[in-house]
file protein_14.cif (mmCIF, C-alpha atoms)
data_entry
#
loop_
_atom_site.group_PDB
_atom_site.id
_atom_site.type_symbol
_atom_site.label_atom_id
_atom_site.label_comp_id
_atom_site.auth_asym_id
_atom_site.auth_seq_id
_atom_site.Cartn_x
_atom_site.Cartn_y
_atom_site.Cartn_z
ATOM 1 C CA MET A 264 19.233 -1.816 -17.294
ATOM 2 C CA LEU A 265 18.243 -2.534 -20.876
ATOM 3 C CA ASP A 266 21.541 -4.349 -21.506
ATOM 4 C CA ARG A 267 20.826 -6.745 -18.644
ATOM 5 C CA LEU A 268 17.459 -7.855 -20.012
ATOM 6 C CA ALA A 269 18.607 -9.306 -23.376
ATOM 7 C CA LEU A 270 15.144 -8.829 -24.840
ATOM 8 C CA GLY A 271 15.704 -10.495 -28.187
ATOM 9 C CA GLU A 272 13.323 -7.927 -29.693
ATOM 10 C CA PRO A 273 15.519 -5.922 -32.135
ATOM 11 C CA GLU A 274 12.908 -3.356 -33.168
ATOM 12 C CA LEU A 275 11.794 -2.628 -29.619
ATOM 13 C CA ASP A 276 15.375 -2.742 -28.351
ATOM 14 C CA ASN A 277 16.525 -0.126 -30.862
ATOM 15 C CA ARG A 278 13.548 2.116 -30.118
ATOM 16 C CA LEU A 279 14.170 1.919 -26.375
ATOM 17 C CA ARG A 280 17.885 2.595 -26.730
ATOM 18 C CA GLU A 281 17.279 5.679 -28.820
ATOM 19 C CA SER A 282 14.702 7.009 -26.377
ATOM 20 C CA LEU A 283 16.841 6.230 -23.323
ATOM 21 C CA GLY A 284 19.688 8.175 -24.905
ATOM 22 C CA ARG A 285 17.411 11.203 -25.178
ATOM 23 C CA VAL A 286 16.213 10.666 -21.611
ATOM 24 C CA GLU A 287 19.804 10.622 -20.350
ATOM 25 C CA LYS A 288 20.638 13.942 -22.003
ATOM 26 C CA TYR A 289 17.441 15.588 -20.787
ATOM 27 C CA LEU A 290 17.916 14.197 -17.262
ATOM 28 C CA SER A 291 21.501 15.417 -17.013
ATOM 29 C CA ALA A 292 20.509 18.912 -18.100
ATOM 30 C CA THR A 293 17.412 19.065 -15.890
ATOM 31 C CA ALA A 294 18.962 17.677 -12.689
ATOM 32 C CA SER A 295 21.730 20.258 -12.748
ATOM 33 C CA ASP A 296 19.968 23.317 -14.153
ATOM 34 C CA ALA A 297 19.983 25.261 -10.876
ATOM 35 C CA ALA A 298 21.221 28.818 -11.345
ATOM 36 C CA ASP A 299 23.815 28.441 -8.573
ATOM 37 C CA PRO A 300 26.565 26.016 -9.681
ATOM 38 C CA ARG A 301 27.052 24.867 -6.080
ATOM 39 C CA VAL A 302 23.414 23.763 -5.939
ATOM 40 C CA ALA A 303 23.728 22.170 -9.388
ATOM 41 C CA ALA A 304 26.692 20.124 -8.158
ATOM 42 C CA ILE A 305 24.520 18.678 -5.383
ATOM 43 C CA THR A 306 21.382 18.020 -7.416
ATOM 44 C CA GLY A 307 23.273 16.634 -10.412
ATOM 45 C CA HIS A 308 25.594 14.362 -8.431
ATOM 46 C CA LEU A 309 23.598 11.128 -8.579
ATOM 47 C CA ALA A 310 22.238 11.749 -12.072
ATOM 48 C CA ALA A 311 25.833 11.923 -13.303
ATOM 49 C CA ALA A 312 26.712 8.727 -11.420
ATOM 50 C CA GLY A 313 24.352 6.693 -13.597
ATOM 51 C CA GLY A 314 22.230 3.796 -12.414
ATOM 52 C CA LYS A 315 19.893 1.190 -13.846
ATOM 53 C CA ARG A 316 17.450 3.812 -15.185
ATOM 54 C CA LEU A 317 14.682 1.324 -14.460
ATOM 55 C CA ARG A 318 11.994 3.985 -14.011
ATOM 56 C CA PRO A 319 12.609 5.671 -17.388
ATOM 57 C CA LEU A 320 12.644 2.244 -19.018
ATOM 58 C CA LEU A 321 9.264 1.453 -17.459
ATOM 59 C CA VAL A 322 7.866 4.768 -18.701
ATOM 60 C CA LEU A 323 8.968 3.892 -22.235
ATOM 61 C CA LEU A 324 7.572 0.358 -21.982
ATOM 62 C CA GLY A 325 4.262 1.681 -20.676
ATOM 63 C CA ALA A 326 4.115 4.002 -23.672
ATOM 64 C CA GLU A 327 4.413 1.007 -25.998
ATOM 65 C CA PHE A 328 0.786 0.132 -25.211
ATOM 66 C CA GLY A 329 -0.349 3.399 -26.781
ATOM 67 C CA GLU A 330 1.380 5.633 -29.316
ATOM 68 C CA PRO A 331 5.032 5.719 -28.190
ATOM 69 C CA TRP A 332 5.924 8.449 -30.670
ATOM 70 C CA ARG A 333 3.766 11.065 -28.915
ATOM 71 C CA ASP A 334 5.331 14.203 -27.441
ATOM 72 C CA GLY A 335 6.048 14.280 -23.726
ATOM 73 C CA ILE A 336 7.095 10.665 -23.181
ATOM 74 C CA VAL A 337 10.807 11.409 -22.789
ATOM 75 C CA GLU A 338 9.890 14.224 -20.393
ATOM 76 C CA ALA A 339 7.649 11.827 -18.442
ATOM 77 C CA ALA A 340 10.595 9.446 -18.102
ATOM 78 C CA VAL A 341 12.695 12.284 -16.698
ATOM 79 C CA VAL A 342 9.953 13.124 -14.181
ATOM 80 C CA ALA A 343 10.030 9.551 -12.883
ATOM 81 C CA GLU A 344 13.817 9.483 -12.581
ATOM 82 C CA LEU A 345 13.987 12.874 -10.860
ATOM 83 C CA VAL A 346 11.563 11.658 -8.200
ATOM 84 C CA HIS A 347 13.608 8.474 -7.816
ATOM 85 C CA ILE A 348 16.890 10.361 -7.422
ATOM 86 C CA ALA A 349 15.254 12.665 -4.875
ATOM 87 C CA SER A 350 14.222 9.606 -2.875
ATOM 88 C CA LEU A 351 17.814 8.324 -2.938
ATOM 89 C CA HIS A 352 19.005 11.612 -1.407
ATOM 90 C CA HIS A 353 16.620 11.063 1.500
ATOM 91 C CA ASP A 354 17.098 7.289 1.794
ATOM 92 C CA ASP A 355 20.872 7.508 2.012
ATOM 93 C CA VAL A 356 20.629 10.079 4.796
ATOM 94 C CA MET A 357 18.206 7.859 6.718
ATOM 95 C CA ASP A 358 20.295 4.727 6.157
ATOM 96 C CA GLY A 359 23.696 6.360 6.569
ATOM 97 C CA ALA A 360 24.786 4.764 3.277
ATOM 98 C CA PRO A 361 28.322 5.928 2.357
ATOM 99 C CA THR A 362 28.069 5.132 -1.364
ATOM 100 C CA ARG A 363 25.506 5.008 -4.141
ATOM 101 C CA HIS A 364 26.082 3.776 -7.703
ATOM 102 C CA GLY A 365 29.768 3.352 -6.900
ATOM 103 C CA VAL A 366 30.337 6.983 -5.851
ATOM 104 C CA PRO A 367 30.046 8.764 -2.487
ATOM 105 C CA SER A 368 26.419 9.316 -1.547
ATOM 106 C CA VAL A 369 25.200 12.911 -1.631
ATOM 107 C CA HIS A 370 25.200 13.284 2.146
ATOM 108 C CA ALA A 371 28.683 11.757 2.405
ATOM 109 C CA ARG A 372 30.062 14.281 -0.067
ATOM 110 C CA PHE A 373 28.012 17.419 0.618
ATOM 111 C CA GLY A 374 26.501 16.881 4.076
ATOM 112 C CA GLU A 375 23.120 15.753 5.333
ATOM 113 C CA ARG A 376 21.295 19.070 5.088
ATOM 114 C CA ALA A 377 22.510 19.631 1.536
ATOM 115 C CA ALA A 378 21.361 16.127 0.608
ATOM 116 C CA VAL A 379 17.872 16.646 2.037
ATOM 117 C CA PHE A 380 17.356 20.052 0.437
ATOM 118 C CA GLY A 381 18.852 18.801 -2.813
ATOM 119 C CA GLY A 382 16.271 16.027 -2.815
ATOM 120 C CA ASP A 383 13.534 18.568 -2.180
ATOM 121 C CA TRP A 384 14.793 20.631 -5.129
ATOM 122 C CA LEU A 385 14.607 17.584 -7.392
ATOM 123 C CA LEU A 386 11.025 16.857 -6.296
ATOM 124 C CA ALA A 387 10.081 20.444 -7.080
ATOM 125 C CA ARG A 388 11.815 20.224 -10.466
ATOM 126 C CA ALA A 389 9.905 17.028 -11.263
ATOM 127 C CA ALA A 390 6.613 18.739 -10.344
ATOM 128 C CA ARG A 391 7.410 21.650 -12.627
ATOM 129 C CA LEU A 392 8.166 19.341 -15.523
ATOM 130 C CA ALA A 393 5.006 17.301 -14.862
ATOM 131 C CA ALA A 394 2.988 20.517 -15.011
ATOM 132 C CA GLU A 395 4.180 20.961 -18.594
ATOM 133 C CA LEU A 396 2.789 17.521 -19.488
ATOM 134 C CA GLY A 397 -0.785 18.159 -18.396
ATOM 135 C CA PRO A 398 -3.231 17.509 -15.541
ATOM 136 C CA ASP A 399 -3.001 13.692 -15.634
ATOM 137 C CA ALA A 400 0.777 13.830 -15.185
ATOM 138 C CA VAL A 401 0.441 16.444 -12.430
ATOM 139 C CA ALA A 402 -2.083 14.339 -10.524
ATOM 140 C CA LEU A 403 -0.081 11.139 -10.869
ATOM 141 C CA ASN A 404 3.170 12.812 -9.845
ATOM 142 C CA ALA A 405 1.551 14.499 -6.853
ATOM 143 C CA ARG A 406 -0.082 11.259 -5.710
ATOM 144 C CA THR A 407 3.189 9.372 -6.064
ATOM 145 C CA ALA A 408 5.197 12.038 -4.223
ATOM 146 C CA GLY A 409 2.656 11.878 -1.423
ATOM 147 C CA ARG A 410 2.926 8.094 -1.187
ATOM 148 C CA LEU A 411 6.707 8.314 -1.290
ATOM 149 C CA VAL A 412 6.936 10.803 1.558
ATOM 150 C CA ALA A 413 4.314 8.908 3.575
ATOM 151 C CA GLY A 414 6.354 5.730 3.128
ATOM 152 C CA GLN A 415 9.505 7.480 4.293
ATOM 153 C CA LEU A 416 7.694 8.906 7.326
ATOM 154 C CA ARG A 417 6.247 5.512 8.218
ATOM 155 C CA GLU A 418 9.730 4.043 7.981
ATOM 156 C CA LEU A 419 11.034 6.789 10.256
ATOM 157 C CA THR A 420 8.301 6.399 12.897
ATOM 158 C CA GLY A 421 8.282 2.591 12.806
ATOM 159 C CA PRO A 422 5.327 0.275 13.472
ATOM 160 C CA ALA A 423 2.544 1.526 15.698
ATOM 161 C CA PRO A 424 2.097 -0.227 19.061
ATOM 162 C CA GLY A 425 0.716 -3.692 18.374
ATOM 163 C CA GLU A 426 1.202 -3.415 14.602
ATOM 164 C CA ASP A 427 2.748 -6.400 12.824
ATOM 165 C CA PRO A 428 6.271 -5.339 11.714
ATOM 166 C CA VAL A 429 6.007 -7.321 8.467
ATOM 167 C CA THR A 430 2.727 -5.599 7.581
ATOM 168 C CA HIS A 431 4.392 -2.272 8.337
ATOM 169 C CA TYR A 432 7.321 -3.244 6.093
ATOM 170 C CA PHE A 433 5.021 -3.833 3.120
ATOM 171 C CA GLN A 434 3.212 -0.540 3.716
ATOM 172 C CA VAL A 435 6.528 1.321 3.781
ATOM 173 C CA THR A 436 7.764 -0.470 0.672
ATOM 174 C CA ALA A 437 4.521 0.185 -1.206
ATOM 175 C CA GLY A 438 5.048 3.895 -0.646
ATOM 176 C CA LYS A 439 8.792 4.155 -1.091
ATOM 177 C CA THR A 440 9.390 1.736 -3.968
ATOM 178 C CA ALA A 441 6.265 0.263 -5.550
ATOM 179 C CA ALA A 442 4.489 3.605 -5.947
ATOM 180 C CA LEU A 443 7.199 4.984 -8.213
ATOM 181 C CA LEU A 444 7.462 1.909 -10.422
ATOM 182 C CA SER A 445 3.682 1.879 -10.769
ATOM 183 C CA MET A 446 3.681 5.601 -11.555
ATOM 184 C CA SER A 447 6.407 5.150 -14.188
ATOM 185 C CA LEU A 448 4.350 2.643 -16.153
ATOM 186 C CA GLY A 449 1.178 4.659 -15.683
ATOM 187 C CA ILE A 450 2.575 8.012 -16.777
ATOM 188 C CA GLY A 451 4.132 6.441 -19.861
ATOM 189 C CA ALA A 452 0.882 4.756 -20.843
ATOM 190 C CA LEU A 453 -1.150 7.898 -20.165
ATOM 191 C CA GLN A 454 1.169 10.122 -22.199
ATOM 192 C CA ALA A 455 0.922 7.645 -25.077
ATOM 193 C CA GLY A 456 -2.882 7.559 -24.941
ATOM 194 C CA ALA A 457 -3.122 3.880 -23.955
ATOM 195 C CA PRO A 458 -6.590 2.485 -23.103
ATOM 196 C CA ALA A 459 -7.709 2.711 -19.482
ATOM 197 C CA ASP A 460 -7.618 -1.066 -18.963
ATOM 198 C CA CYS A 461 -3.972 -1.132 -20.104
ATOM 199 C CA VAL A 462 -3.083 1.660 -17.692
ATOM 200 C CA GLU A 463 -4.768 -0.252 -14.864
ATOM 201 C CA ALA A 464 -2.962 -3.507 -15.673
ATOM 202 C CA LEU A 465 0.398 -1.775 -15.985
ATOM 203 C CA THR A 466 0.068 0.095 -12.699
ATOM 204 C CA GLU A 467 -0.941 -3.114 -10.901
ATOM 205 C CA TYR A 468 2.079 -4.881 -12.395
ATOM 206 C CA GLY A 469 4.260 -1.989 -11.239
ATOM 207 C CA GLU A 470 3.026 -2.293 -7.656
ATOM 208 C CA HIS A 471 3.955 -5.973 -7.450
ATOM 209 C CA LEU A 472 7.232 -5.481 -9.310
ATOM 210 C CA GLY A 473 8.184 -2.659 -6.953
ATOM 211 C CA LEU A 474 7.644 -4.827 -3.888
ATOM 212 C CA ALA A 475 9.641 -7.608 -5.551
ATOM 213 C CA PHE A 476 12.508 -5.238 -6.320
ATOM 214 C CA GLN A 477 12.725 -4.120 -2.700
ATOM 215 C CA ILE A 478 12.688 -7.701 -1.428
ATOM 216 C CA ALA A 479 15.439 -8.532 -3.931
ATOM 217 C CA ASP A 480 17.454 -5.528 -2.695
ATOM 218 C CA ASP A 481 17.030 -6.782 0.872
ATOM 219 C CA LEU A 482 18.520 -10.112 -0.171
ATOM 220 C CA LEU A 483 21.336 -8.446 -2.113
ATOM 221 C CA ASP A 484 22.328 -6.425 0.959
ATOM 222 C CA LEU A 485 23.121 -9.702 2.666
ATOM 223 C CA ARG A 486 24.744 -11.417 -0.298
ATOM 224 C CA SER A 487 26.257 -9.187 -2.926
ATOM 225 C CA PRO A 488 29.410 -7.040 -3.040
ATOM 226 C CA ALA A 489 29.228 -3.312 -3.786
ATOM 227 C CA ASP A 490 29.997 -3.715 -7.485
ATOM 228 C CA VAL A 491 26.751 -5.678 -7.872
ATOM 229 C CA SER A 492 24.326 -3.912 -5.528
ATOM 230 C CA GLY A 493 25.767 -0.393 -5.761
ATOM 231 C CA LYS A 494 26.378 -0.124 -2.000
ATOM 232 C CA GLU A 495 28.486 -1.927 0.571
ATOM 233 C CA ARG A 496 27.355 -5.401 1.651
ATOM 234 C CA GLY A 497 25.572 -5.302 4.987
ATOM 235 C CA THR A 498 24.831 -1.558 4.829
ATOM 236 C CA ASP A 499 21.236 -2.112 5.940
ATOM 237 C CA LEU A 500 22.362 -4.308 8.824
ATOM 238 C CA LEU A 501 24.814 -1.679 10.056
ATOM 239 C CA ALA A 502 22.120 0.993 9.852
ATOM 240 C CA GLY A 503 19.542 -1.149 11.655
ATOM 241 C CA VAL A 504 17.154 -1.094 8.681
ATOM 242 C CA PRO A 505 14.288 -3.575 9.262
ATOM 243 C CA THR A 506 14.527 -5.440 5.959
ATOM 244 C CA LEU A 507 12.263 -8.394 5.279
ATOM 245 C CA PRO A 508 14.936 -11.051 6.060
ATOM 246 C CA VAL A 509 15.656 -9.297 9.357
ATOM 247 C CA LEU A 510 11.968 -9.156 10.301
ATOM 248 C CA LEU A 511 11.401 -12.797 9.375
ATOM 249 C CA ALA A 512 14.482 -13.860 11.338
ATOM 250 C CA LEU A 513 13.274 -11.948 14.403
ATOM 251 C CA ASP A 514 9.806 -13.464 14.054
ATOM 252 C CA GLY A 515 11.135 -17.021 13.813
ATOM 253 C CA ASP A 516 11.642 -19.511 16.599
ATOM 254 C CA ASP A 517 14.205 -21.864 15.057
ATOM 255 C CA PRO A 518 16.837 -22.625 17.749
ATOM 256 C CA ALA A 519 19.507 -22.519 15.052
ATOM 257 C CA ASP A 520 18.728 -18.801 14.606
ATOM 258 C CA ALA A 521 19.019 -17.943 18.306
ATOM 259 C CA GLU A 522 22.420 -16.255 17.970
ATOM 260 C CA LEU A 523 21.261 -14.268 14.925
ATOM 261 C CA ARG A 524 18.102 -13.105 16.706
ATOM 262 C CA ALA A 525 20.184 -11.977 19.686
ATOM 263 C CA LEU A 526 22.442 -9.924 17.411
ATOM 264 C CA LEU A 527 19.490 -8.322 15.639
ATOM 265 C CA ARG A 528 17.529 -7.540 18.807
ATOM 266 C CA ALA A 529 20.483 -5.597 20.203
ATOM 267 C CA GLY A 530 19.833 -2.867 17.611
ATOM 268 C CA PRO A 531 21.935 -1.850 14.621
ATOM 269 C CA VAL A 532 24.604 -4.483 14.108
ATOM 270 C CA PRO A 533 28.019 -3.003 14.995
ATOM 271 C CA ALA A 534 30.724 -3.082 12.346
ATOM 272 C CA ALA A 535 32.656 -5.674 14.321
ATOM 273 C CA GLY A 536 29.614 -7.955 14.439
ATOM 274 C CA ALA A 537 28.597 -7.603 10.789
ATOM 275 C CA PRO A 538 30.742 -10.484 9.422
ATOM 276 C CA ARG A 539 29.228 -12.852 11.970
ATOM 277 C CA ALA A 540 25.685 -11.648 11.264
ATOM 278 C CA LEU A 541 26.200 -12.134 7.519
ATOM 279 C CA GLU A 542 27.585 -15.612 8.150
ATOM 280 C CA LEU A 543 24.563 -16.546 10.280
ATOM 281 C CA PHE A 544 22.148 -15.136 7.708
ATOM 282 C CA ALA A 545 23.716 -17.278 4.988
ATOM 283 C CA ARG A 546 22.274 -20.387 6.632
ATOM 284 C CA SER A 547 19.166 -18.868 8.193
ATOM 285 C CA PRO A 548 15.673 -20.140 7.216
ATOM 286 C CA ALA A 549 14.694 -16.466 7.008
ATOM 287 C CA LEU A 550 16.500 -16.185 3.672
ATOM 288 C CA ALA A 551 14.573 -19.103 2.173
ATOM 289 C CA GLU A 552 11.323 -17.631 3.465
ATOM 290 C CA THR A 553 12.194 -14.256 1.934
ATOM 291 C CA GLU A 554 12.879 -15.919 -1.414
ATOM 292 C CA THR A 555 9.445 -17.574 -1.265
ATOM 293 C CA VAL A 556 7.769 -14.208 -0.672
ATOM 294 C CA LEU A 557 9.738 -12.786 -3.602
ATOM 295 C CA ARG A 558 8.589 -15.558 -5.959
ATOM 296 C CA ARG A 559 4.954 -15.070 -4.942
ATOM 297 C CA ARG A 560 5.128 -11.337 -5.589
ATOM 298 C CA LEU A 561 6.674 -11.912 -9.028
ATOM 299 C CA HIS A 562 3.903 -14.369 -9.838
ATOM 300 C CA ARG A 563 1.333 -11.671 -9.061
ATOM 301 C CA ALA A 564 3.197 -9.235 -11.318
ATOM 302 C CA ARG A 565 3.200 -11.713 -14.197
ATOM 303 C CA THR A 566 -0.506 -12.419 -13.647
ATOM 304 C CA ALA A 567 -1.321 -8.704 -13.942
ATOM 305 C CA LEU A 568 0.235 -8.697 -17.419
ATOM 306 C CA GLY A 569 -2.360 -11.228 -18.570
ATOM 307 C CA ALA A 570 -4.757 -8.370 -19.279
ATOM 308 C CA LEU A 571 -2.377 -6.875 -21.873
ATOM 309 C CA ARG A 572 -2.245 -7.799 -25.532
ATOM 310 C CA PRO A 573 0.657 -10.042 -26.601
ATOM 311 C CA ALA A 574 3.397 -7.675 -27.740
ATOM 312 C CA ALA A 575 7.136 -7.147 -27.543
ATOM 313 C CA ALA A 576 6.694 -4.727 -24.644
ATOM 314 C CA ARG A 577 4.684 -7.297 -22.678
ATOM 315 C CA ARG A 578 7.436 -9.859 -23.226
ATOM 316 C CA ALA A 579 9.940 -7.277 -22.009
ATOM 317 C CA LEU A 580 7.975 -6.789 -18.796
ATOM 318 C CA LEU A 581 7.902 -10.549 -18.269
ATOM 319 C CA ALA A 582 11.666 -10.620 -18.843
ATOM 320 C CA LEU A 583 12.026 -7.980 -16.143
ATOM 321 C CA CYS A 584 10.366 -10.341 -13.660
ATOM 322 C CA ASP A 585 12.865 -13.023 -14.652
ATOM 323 C CA TYR A 586 15.709 -10.549 -14.130
ATOM 324 C CA VAL A 587 14.556 -9.756 -10.586
ATOM 325 C CA ALA A 588 14.371 -13.474 -9.786
ATOM 326 C CA LEU A 589 17.809 -14.221 -11.234
ATOM 327 C CA ARG A 590 19.714 -11.314 -9.671
ATOM 328 C CA THR A 591 19.252 -12.775 -6.174
ATOM 329 C CA SER A 592 20.168 -16.360 -7.086
#
call {"tool": "encode", "arguments": {"input": "protein_14.cif", "output": "structure tokens"}}
result
Amino acid sequence: MLDRLALGEPELDNRLRESLGRVEKYLSATASDAADPRVAAITGHLAAAGGKRLRPLLVLLGAEFGEPWRDGIVEAAVVAELVHIASLHHDDVMDGAPTRHGVPSVHARFGERAAVFGGDWLLARAARLAAELGPDAVALNARTAGRLVAGQLRELTGPAPGEDPVTHYFQVTAGKTAALLSMSLGIGALQAGAPADCVEALTEYGEHLGLAFQIADDLLDLRSPADVSGKERGTDLLAGVPTLPVLLALDGDDPADAELRALLRAGPVPAAGAPRALELFARSPALAETETVLRRRLHRARTALGALRPAAARRALLALCDYVALRTS
């Protein structure tokens, strides 16, 4: 992830690279430290596959607003990534995703039950590590895990009768995605002893950035090949996932979108119908509307950073907003 940002901040860049290297080693050891090697193979599968490591990077950037040399910051970054990897175990089962980070998903390789229990093991391991960091880390991790599971349950149960599906989408996304990005920045700042107003600004930024990231992922599912997004194009469509472009297309009344709405209302798009659905989406007003929502959310993230002192880390967080905007263009 750091390579994609091109920060232009040599001192910060070097510090982050060194810390991320330590995070990677600690994560690899922690994710696969189960006594039974068969369990370790399951829980260490996605950690070994790599990824953007966005959450550890956010922990380290949050720490920059305090004393980034303090003990426990690398461990805090590992806590955030363990929770994230656990969520991927569960998400890929729910979505039926065959791949993740260019390798078979955990459920595709080891089975659904192994994937779910492996995710649970990772959540427990993250809680144990957070307990070693102190009560603030424990509370933040517990609150985030609760939001994450609540978001997954809300996704599973769907909107309540009469509930606006778009409102439901944002509630699910706040729990499943935004909560963890917000927690990553917060736990890093807390471990570094950052002032309370910095912690508040960073966690608010993380909430908006998390929503923006999910919206960007929704767009990438319709546009980008697997080597860019990390999973097959149209995976969410095939699984019937109610992404924001899908919800906006269903809510629209443009006659030009009539065929697309009919395909989407029939349920999960069958494999044979996916190419046509992707073709229709490419010219649907729903994509332009989704991009507008994305830009507004990124604006709110940038605004939250206004409360922070000018610093290399603040410029890095602004650059991250630019990255999210550019990856969908």
call {"tool": "residues_around", "arguments": {"input": "protein_14.cif", "residues": "Val429 of chain A", "least_positions_apart": "3", "cutoff": "10 Å", "atoms": "only C-alpha atoms", "output": "ChimeraX atom specification"}}
result
/A:422,426,432-435,505-511,514
call {"tool": "resolve_selection", "arguments": {"input": "protein_14.cif", "expression": "the PyMOL selection byres ((chain A and resi 552-556) around 12)", "output": "compact mmCIF listing (two decimals) with C-alpha atoms, in the coordinates of the input"}}
result
# COMPACT_ATOMS: atom_id res chain seq x y z
CA VAL A 429 6.01 -7.32 8.47
CA PHE A 433 5.02 -3.83 3.12
CA HIS A 471 3.96 -5.97 -7.45
CA LEU A 474 7.64 -4.83 -3.89
CA ALA A 475 9.64 -7.61 -5.55
CA PHE A 476 12.51 -5.24 -6.32
CA GLN A 477 12.72 -4.12 -2.70
CA ILE A 478 12.69 -7.70 -1.43
CA ALA A 479 15.44 -8.53 -3.93
CA ASP A 480 17.45 -5.53 -2.70
CA ASP A 481 17.03 -6.78 0.87
CA LEU A 482 18.52 -10.11 -0.17
CA LEU A 483 21.34 -8.45 -2.11
CA LEU A 485 23.12 -9.70 2.67
CA THR A 506 14.53 -5.44 5.96
CA LEU A 507 12.26 -8.39 5.28
CA PRO A 508 14.94 -11.05 6.06
CA VAL A 509 15.66 -9.30 9.36
CA LEU A 510 11.97 -9.16 10.30
CA LEU A 511 11.40 -12.80 9.38
CA ALA A 512 14.48 -13.86 11.34
CA ASP A 514 9.81 -13.46 14.05
CA GLY A 515 11.14 -17.02 13.81
CA PHE A 544 22.15 -15.14 7.71
CA ARG A 546 22.27 -20.39 6.63
CA SER A 547 19.17 -18.87 8.19
CA PRO A 548 15.67 -20.14 7.22
CA ALA A 549 14.69 -16.47 7.01
CA LEU A 550 16.50 -16.18 3.67
CA ALA A 551 14.57 -19.10 2.17
CA LEU A 557 9.74 -12.79 -3.60
CA ARG A 558 8.59 -15.56 -5.96
CA ARG A 559 4.95 -15.07 -4.94
CA ARG A 560 5.13 -11.34 -5.59
CA LEU A 561 6.67 -11.91 -9.03
CA HIS A 562 3.90 -14.37 -9.84
CA ARG A 563 1.33 -11.67 -9.06
CA VAL A 587 14.56 -9.76 -10.59
CA ALA A 588 14.37 -13.47 -9.79
CA LEU A 589 17.81 -14.22 -11.23
CA ARG A 590 19.71 -11.31 -9.67
CA THR A 591 19.25 -12.78 -6.17
CA SER A 592 20.17 -16.36 -7.09
call {"tool": "residues_around", "arguments": {"input": "protein_14.cif", "residues": "Leu526 of chain A", "least_positions_apart": "6", "cutoff": "10 Å", "atoms": "all atoms listed in the file", "output": "list in words"}}
result
Leu513, Val532, Pro533, Gly536, Ala537, Arg539, Ala540 and Leu543 of chain A
call {"tool": "resolve_selection", "arguments": {"input": "protein_14.cif", "expression": "the PyMOL selection byres ((chain A and resi 531) around 6)", "output": "compact mmCIF listing (two decimals) with C-alpha atoms, in the coordinates of the input"}}
result
# COMPACT_ATOMS: atom_id res chain seq x y z
CA LEU A 501 24.81 -1.68 10.06
CA ALA A 502 22.12 0.99 9.85
CA GLY A 503 19.54 -1.15 11.66
CA GLY A 530 19.83 -2.87 17.61
CA VAL A 532 24.60 -4.48 14.11
call {"tool": "atom_distance", "arguments": {"input": "protein_14.cif", "atom1": "atom CA of Gly359 of chain A", "atom2": "atom CA of Arg417 of chain A"}}
result
17.5 Å
call {"tool": "residues_around", "arguments": {"input": "protein_14.cif", "residues": "segment 392-404 of chain A", "least_positions_apart": "6", "cutoff": "12 Å", "atoms": "only C-alpha atoms", "output": "ChimeraX atom specification"}}
result
/A:289-290,293-294,333-347,385-386,410-411,442-456,466
call {"tool": "atom_distance", "arguments": {"input": "protein_14.cif", "atom1": "atom CA of Glu463 of chain A", "atom2": "atom CA of Leu568 of chain A"}}
result
10.1 Å
call {"tool": "resolve_selection", "arguments": {"input": "protein_14.cif", "expression": "the PyMOL selection byres ((chain A and resi 565) around 12)", "output": "VMD selection string"}}
result
chain A and resid 464 to 465 467 to 472 475 558 to 564 566 to 571 577 to 585
call {"tool": "closest_residue", "arguments": {"input": "protein_14.cif", "among": "A:Ala423, A:Cys461, A:Leu268, A:Leu283", "to": "Leu320 of chain A", "atoms": "only C-alpha atoms"}}
result
A:Leu283
call {"tool": "closest_residue", "arguments": {"input": "protein_14.cif", "among": "A:Glu327, A:Asp427, A:Asp484, A:Asp383", "to": "Ala457 of chain A", "atoms": "all atoms listed in the file"}}
result
A:Glu327
call {"tool": "atom_distance", "arguments": {"input": "protein_14.cif", "atom1": "atom CA of Arg280 of chain A", "atom2": "atom CA of Ser350 of chain A"}}
result
25.1 Å
call {"tool": "decode", "arguments": {"input": "protein_14.cif", "residues": "segment 498-505 of chain A", "atoms": "N, CA and C atoms", "output": "PDB file, in the first residue's frame"}}
result
ATOM      1  N   THR A 498     -17.812 -10.468  -9.120  1.00  0.00           N
ATOM      2  CA  THR A 498     -18.047 -11.428  -8.033  1.00  0.00           C
ATOM      3  C   THR A 498     -19.263 -11.041  -7.202  1.00  0.00           C
ATOM      4  N   ASP A 499     -19.377  -9.754  -6.878  1.00  0.00           N
ATOM      5  CA  ASP A 499     -20.509  -9.300  -6.064  1.00  0.00           C
ATOM      6  C   ASP A 499     -21.831  -9.463  -6.807  1.00  0.00           C
ATOM      7  N   LEU A 500     -21.817  -9.228  -8.104  1.00  0.00           N
ATOM      8  CA  LEU A 500     -23.027  -9.415  -8.903  1.00  0.00           C
ATOM      9  C   LEU A 500     -23.481 -10.871  -8.876  1.00  0.00           C
ATOM     10  N   LEU A 501     -22.528 -11.776  -9.077  1.00  0.00           N
ATOM     11  CA  LEU A 501     -22.847 -13.204  -9.102  1.00  0.00           C
ATOM     12  C   LEU A 501     -23.377 -13.684  -7.759  1.00  0.00           C
ATOM     13  N   ALA A 502     -22.880 -13.073  -6.683  1.00  0.00           N
ATOM     14  CA  ALA A 502     -23.307 -13.468  -5.340  1.00  0.00           C
ATOM     15  C   ALA A 502     -24.582 -12.751  -4.895  1.00  0.00           C
ATOM     16  N   GLY A 503     -25.056 -11.790  -5.687  1.00  0.00           N
ATOM     17  CA  GLY A 503     -26.240 -11.043  -5.302  1.00  0.00           C
ATOM     18  C   GLY A 503     -26.001 -10.048  -4.197  1.00  0.00           C
ATOM     19  N   VAL A 504     -24.748  -9.574  -4.053  1.00  0.00           N
ATOM     20  CA  VAL A 504     -24.424  -8.604  -2.999  1.00  0.00           C
ATOM     21  C   VAL A 504     -25.036  -7.249  -3.360  1.00  0.00           C
ATOM     22  N   PRO A 505     -25.780  -6.627  -2.449  1.00  0.00           N
ATOM     23  CA  PRO A 505     -26.398  -5.326  -2.752  1.00  0.00           C
ATOM     24  C   PRO A 505     -25.394  -4.185  -2.598  1.00  0.00           C
TER      25      PRO A 505
END
